[in-house]
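Novice: Shown below is the structure under consideration.
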Amino acid sequence: MNDVLEPSVLIDGSASAEHTFIFAHGAGAGMEHDFMAEVAGMIAAHGIRVVRFNFPYMVKRAEDGKKRPPDRAPKLLEAFKQVIAEYGTEKTVIGGKSMGGRMASHLADVEGLKGITCLGFPFHPPGKPEKDKGEHLADLSLSTLILQGERDTFGKRAELEGYPLSDKVTLTFIPDGDHSFKPRKASGHTETGNRQMAADYIVAFIKAVCQ
């Protein structure tokens, strides 16, 4: 079941589902991107309502077709909070792909949230490990799951083994995955298999933190 409620929101799963996952997109592609759609469907298949939404700059892109850079963080966070206020339930986890996950990780103090999930956290721009964007993860007080491709150029496994994280943060690696969890053929893993693995981790996390 996939209903378009308004131009900036898509919902997979039943409105009466016990758990809700609010899922934000990355910087370059909106809520309808195949990664977002496939992972949302995989999660919803477990009886979880998944709410996807577009940030304001992506809504404008959808309206006029013009590419825009992401809005500044305060505007992104405000939009995220509005979606949480409208669609959040008593058992809600928020998260997102890349930039969307980074924004989610800055909302740990929003009342009522049970957890955060980040898919491909952008620890730093590719090739620029000195530009760290994850320092706040050492202080997170809300249960957080970070799913990271082992080969992610925004933060590879080898770079993150000793990364300072709060004891509330679980960092789990997707085998041979890139920033979108796509593996190399020779690895023996598949893109669909890795996305399913990520979805299964998220489902287990949501059900664990929402008990």
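Scheme for the structure tokens: letters A, B, ... for chains in order shown; per-chain residue numbers from 1; ligand numbers from 1 in order shown.
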What's around Asn54 (chain A) at 10 Å? Count only C-alpha atoms, leave out sequence neighbours fewer than 5 positions away in its own chain, and write the answer as a ChimeraX atom specification.
Specialist: /A:7-10,23-26,29-32,59-62,76,79-80,83,100
Novice: Any chance you could export the current selection's C-alpha atoms as a PDB file, in the first residue's frame?
Specialist:
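For reference, out-v3.pdb as written:
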ATOM      1  CA  PRO A   7       3.153  16.509  -2.748  1.00  0.00           C
ATOM      2  CA  SER A   8       5.766  16.191  -0.030  1.00  0.00           C
ATOM      3  CA  VAL A   9       4.744  13.000   1.830  1.00  0.00           C
ATOM      4  CA  LEU A  10       4.496   9.316   0.935  1.00  0.00           C
ATOM      5  CA  PHE A  23      12.435   8.383   6.773  1.00  0.00           C
ATOM      6  CA  ALA A  24      14.263  11.425   5.339  1.00  0.00           C
ATOM      7  CA  HIS A  25      16.056  11.523   1.981  1.00  0.00           C
ATOM      8  CA  GLY A  26      19.658  12.420   1.166  1.00  0.00           C
ATOM      9  CA  ALA A  29      17.599  12.741  -4.471  1.00  0.00           C
ATOM     10  CA  GLY A  30      14.123  12.965  -2.978  1.00  0.00           C
ATOM     11  CA  MET A  31      11.729  10.592  -1.263  1.00  0.00           C
ATOM     12  CA  GLU A  32      10.836   8.787  -4.510  1.00  0.00           C
ATOM     13  CA  VAL A  59       9.560  20.136  -2.944  1.00  0.00           C
ATOM     14  CA  LYS A  60      10.552  23.172  -5.038  1.00  0.00           C
ATOM     15  CA  ARG A  61      12.625  20.968  -7.356  1.00  0.00           C
ATOM     16  CA  ALA A  62       9.611  18.724  -7.888  1.00  0.00           C
ATOM     17  CA  LEU A  76      15.878  21.166   7.283  1.00  0.00           C
ATOM     18  CA  ALA A  79      10.771  20.680   8.327  1.00  0.00           C
ATOM     19  CA  PHE A  80      11.731  17.372   9.961  1.00  0.00           C
ATOM     20  CA  VAL A  83       6.665  15.930   9.955  1.00  0.00           C
ATOM     21  CA  GLY A 100      18.615  12.896   6.128  1.00  0.00           C
TER      22      GLY A 100
END
Novice: I need the alpha helix (DSSP H) residues of chain A per DSSP on the backbone, written as a VMD selection string.
Specialist: chain A and resid 34 to 44 56 to 64 73 to 87 99 to 104 157 to 160 191 to 209
Novice: As a VMD selection string, please: all residues of region 29-181 of chain A that backbone DSSP puts in strand (DSSP E).
Specialist: chain A and resid 48 to 53 92 to 97 113 to 119 144 to 149 169 to 174
Novice: Grab the residues selected above and save them as a CSV table (one decimal), in the first residue's frame with N, CA, C and O atoms.
Specialist:
chain,number,residue,atom,x,y,z
A,48,ILE,N,5.3,-2.1,9.8
A,48,ILE,CA,5.7,-0.8,10.3
A,48,ILE,C,5.3,0.3,9.3
A,48,ILE,O,5.5,0.1,8.1
A,49,ARG,N,4.7,1.3,9.8
A,49,ARG,CA,4.3,2.4,8.9
A,49,ARG,C,5.5,3.3,8.6
A,49,ARG,O,6.2,3.7,9.5
A,50,VAL,N,5.8,3.5,7.3
A,50,VAL,CA,7.0,4.3,7.0
A,50,VAL,C,6.5,5.6,6.3
A,50,VAL,O,5.8,5.6,5.3
A,51,VAL,N,6.9,6.7,6.9
A,51,VAL,CA,6.6,8.0,6.3
A,51,VAL,C,7.8,8.6,5.7
A,51,VAL,O,8.8,8.9,6.3
A,52,ARG,N,7.7,8.8,4.4
A,52,ARG,CA,8.8,9.5,3.6
A,52,ARG,C,8.3,10.9,3.3
A,52,ARG,O,7.1,11.2,3.1
A,53,PHE,N,9.3,11.8,3.3
A,53,PHE,CA,8.9,13.2,3.0
A,53,PHE,C,10.0,13.9,2.2
A,53,PHE,O,11.2,13.5,2.3
A,92,THR,N,7.6,5.9,17.7
A,92,THR,CA,8.2,6.5,16.5
A,92,THR,C,9.7,6.5,16.6
A,92,THR,O,10.3,6.9,17.6
A,93,VAL,N,10.3,6.0,15.5
A,93,VAL,CA,11.8,6.1,15.2
A,93,VAL,C,11.9,7.0,14.0
A,93,VAL,O,11.2,6.9,13.1
A,94,ILE,N,12.9,7.9,14.0
A,94,ILE,CA,13.2,8.7,12.9
A,94,ILE,C,14.6,8.3,12.3
A,94,ILE,O,15.4,7.7,12.9
A,95,GLY,N,14.8,8.7,11.0
A,95,GLY,CA,16.1,8.4,10.4
A,95,GLY,C,16.1,8.9,9.0
A,95,GLY,O,15.2,9.6,8.6
A,96,GLY,N,17.2,8.5,8.3
A,96,GLY,CA,17.3,9.0,6.9
A,96,GLY,C,18.5,8.4,6.2
A,96,GLY,O,19.4,7.9,6.8
A,97,LYS,N,18.5,8.7,4.9
A,97,LYS,CA,19.6,8.3,4.1
A,97,LYS,C,20.6,9.5,4.1
A,97,LYS,O,20.2,10.6,3.8
A,113,LEU,N,10.4,10.6,20.9
A,113,LEU,CA,11.1,9.7,20.0
A,113,LEU,C,11.7,8.5,20.7
A,113,LEU,O,12.2,8.7,21.8
A,114,LYS,N,11.7,7.4,20.0
A,114,LYS,CA,12.2,6.2,20.6
A,114,LYS,C,13.6,5.9,20.2
A,114,LYS,O,14.4,5.1,20.8
A,115,GLY,N,14.0,6.4,19.0
A,115,GLY,CA,15.3,6.1,18.4
A,115,GLY,C,15.6,6.7,17.1
A,115,GLY,O,14.7,7.4,16.5
A,116,ILE,N,16.8,6.6,16.6
A,116,ILE,CA,17.3,7.2,15.4
A,116,ILE,C,18.0,6.2,14.6
A,116,ILE,O,18.8,5.3,15.1
A,117,THR,N,17.8,6.2,13.3
A,117,THR,CA,18.5,5.3,12.4
A,117,THR,C,19.1,6.1,11.2
A,117,THR,O,18.4,6.9,10.6
A,118,CYS,N,20.4,5.9,11.0
A,118,CYS,CA,21.1,6.6,9.9
A,118,CYS,C,21.6,5.6,8.9
A,118,CYS,O,22.3,4.6,9.3
A,119,LEU,N,21.3,5.8,7.6
A,119,LEU,CA,21.7,4.9,6.6
A,119,LEU,C,22.8,5.6,5.7
A,119,LEU,O,22.5,6.5,5.0
A,144,THR,N,20.6,4.9,18.9
A,144,THR,CA,20.8,5.2,17.5
A,144,THR,C,21.5,4.1,16.8
A,144,THR,O,22.4,3.5,17.4
A,145,LEU,N,21.0,3.7,15.6
A,145,LEU,CA,21.6,2.7,14.8
A,145,LEU,C,22.2,3.4,13.5
A,145,LEU,O,21.4,4.0,12.8
A,146,ILE,N,23.5,3.2,13.3
A,146,ILE,CA,24.1,3.7,12.1
A,146,ILE,C,24.5,2.5,11.2
A,146,ILE,O,25.2,1.6,11.7
A,147,LEU,N,23.9,2.4,10.0
A,147,LEU,CA,24.2,1.4,9.0
A,147,LEU,C,25.2,2.0,8.0
A,147,LEU,O,24.8,3.0,7.3
A,148,GLN,N,26.3,1.4,7.9
A,148,GLN,CA,27.4,2.0,7.0
A,148,GLN,C,27.9,1.0,6.1
A,148,GLN,O,28.3,-0.1,6.5
A,149,GLY,N,28.0,1.3,4.8
A,149,GLY,CA,28.6,0.5,3.8
A,149,GLY,C,30.1,0.4,4.1
A,149,GLY,O,30.8,1.4,4.5
A,169,VAL,N,25.0,4.5,20.7
A,169,VAL,CA,25.1,4.4,19.2
A,169,VAL,C,25.6,3.0,18.9
A,169,VAL,O,26.7,2.6,19.4
A,170,THR,N,24.9,2.3,18.0
A,170,THR,CA,25.4,1.1,17.4
A,170,THR,C,25.8,1.3,16.0
A,170,THR,O,25.0,1.7,15.2
A,171,LEU,N,27.0,1.0,15.6
A,171,LEU,CA,27.5,1.1,14.3
A,171,LEU,C,27.6,-0.2,13.6
A,171,LEU,O,28.4,-1.1,14.1
A,172,THR,N,26.9,-0.5,12.6
A,172,THR,CA,26.8,-1.8,12.0
A,172,THR,C,27.2,-1.6,10.5
A,172,THR,O,26.7,-0.7,9.8
A,173,PHE,N,28.0,-2.5,10.0
A,173,PHE,CA,28.5,-2.4,8.6
A,173,PHE,C,27.8,-3.3,7.6
A,173,PHE,O,27.5,-4.5,8.0
A,174,ILE,N,27.5,-2.8,6.5
A,174,ILE,CA,26.8,-3.5,5.4
A,174,ILE,C,27.9,-4.1,4.5
A,174,ILE,O,28.8,-3.3,4.0
Novice: Rank A:Asp109, A:Asp139, A:Glu150, A:Glu90 by their smallest atom-to-atom distance to Phe21 (chain A), using only C-alpha atoms, and report the top residue only.
Specialist: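 Once distances to Phe21 (chain A) are computed over only C-alpha atoms, the minimum belongs to A:Glu90.
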Novice: Excluding region 125-128 of chain A and its own-chain neighbours fewer than 6 positions away, which residues fall within 8 Å of it when counting only C-alpha atoms? Please give them as an MDAnalysis selection string.
Specialist: chainID A and resid 153:155
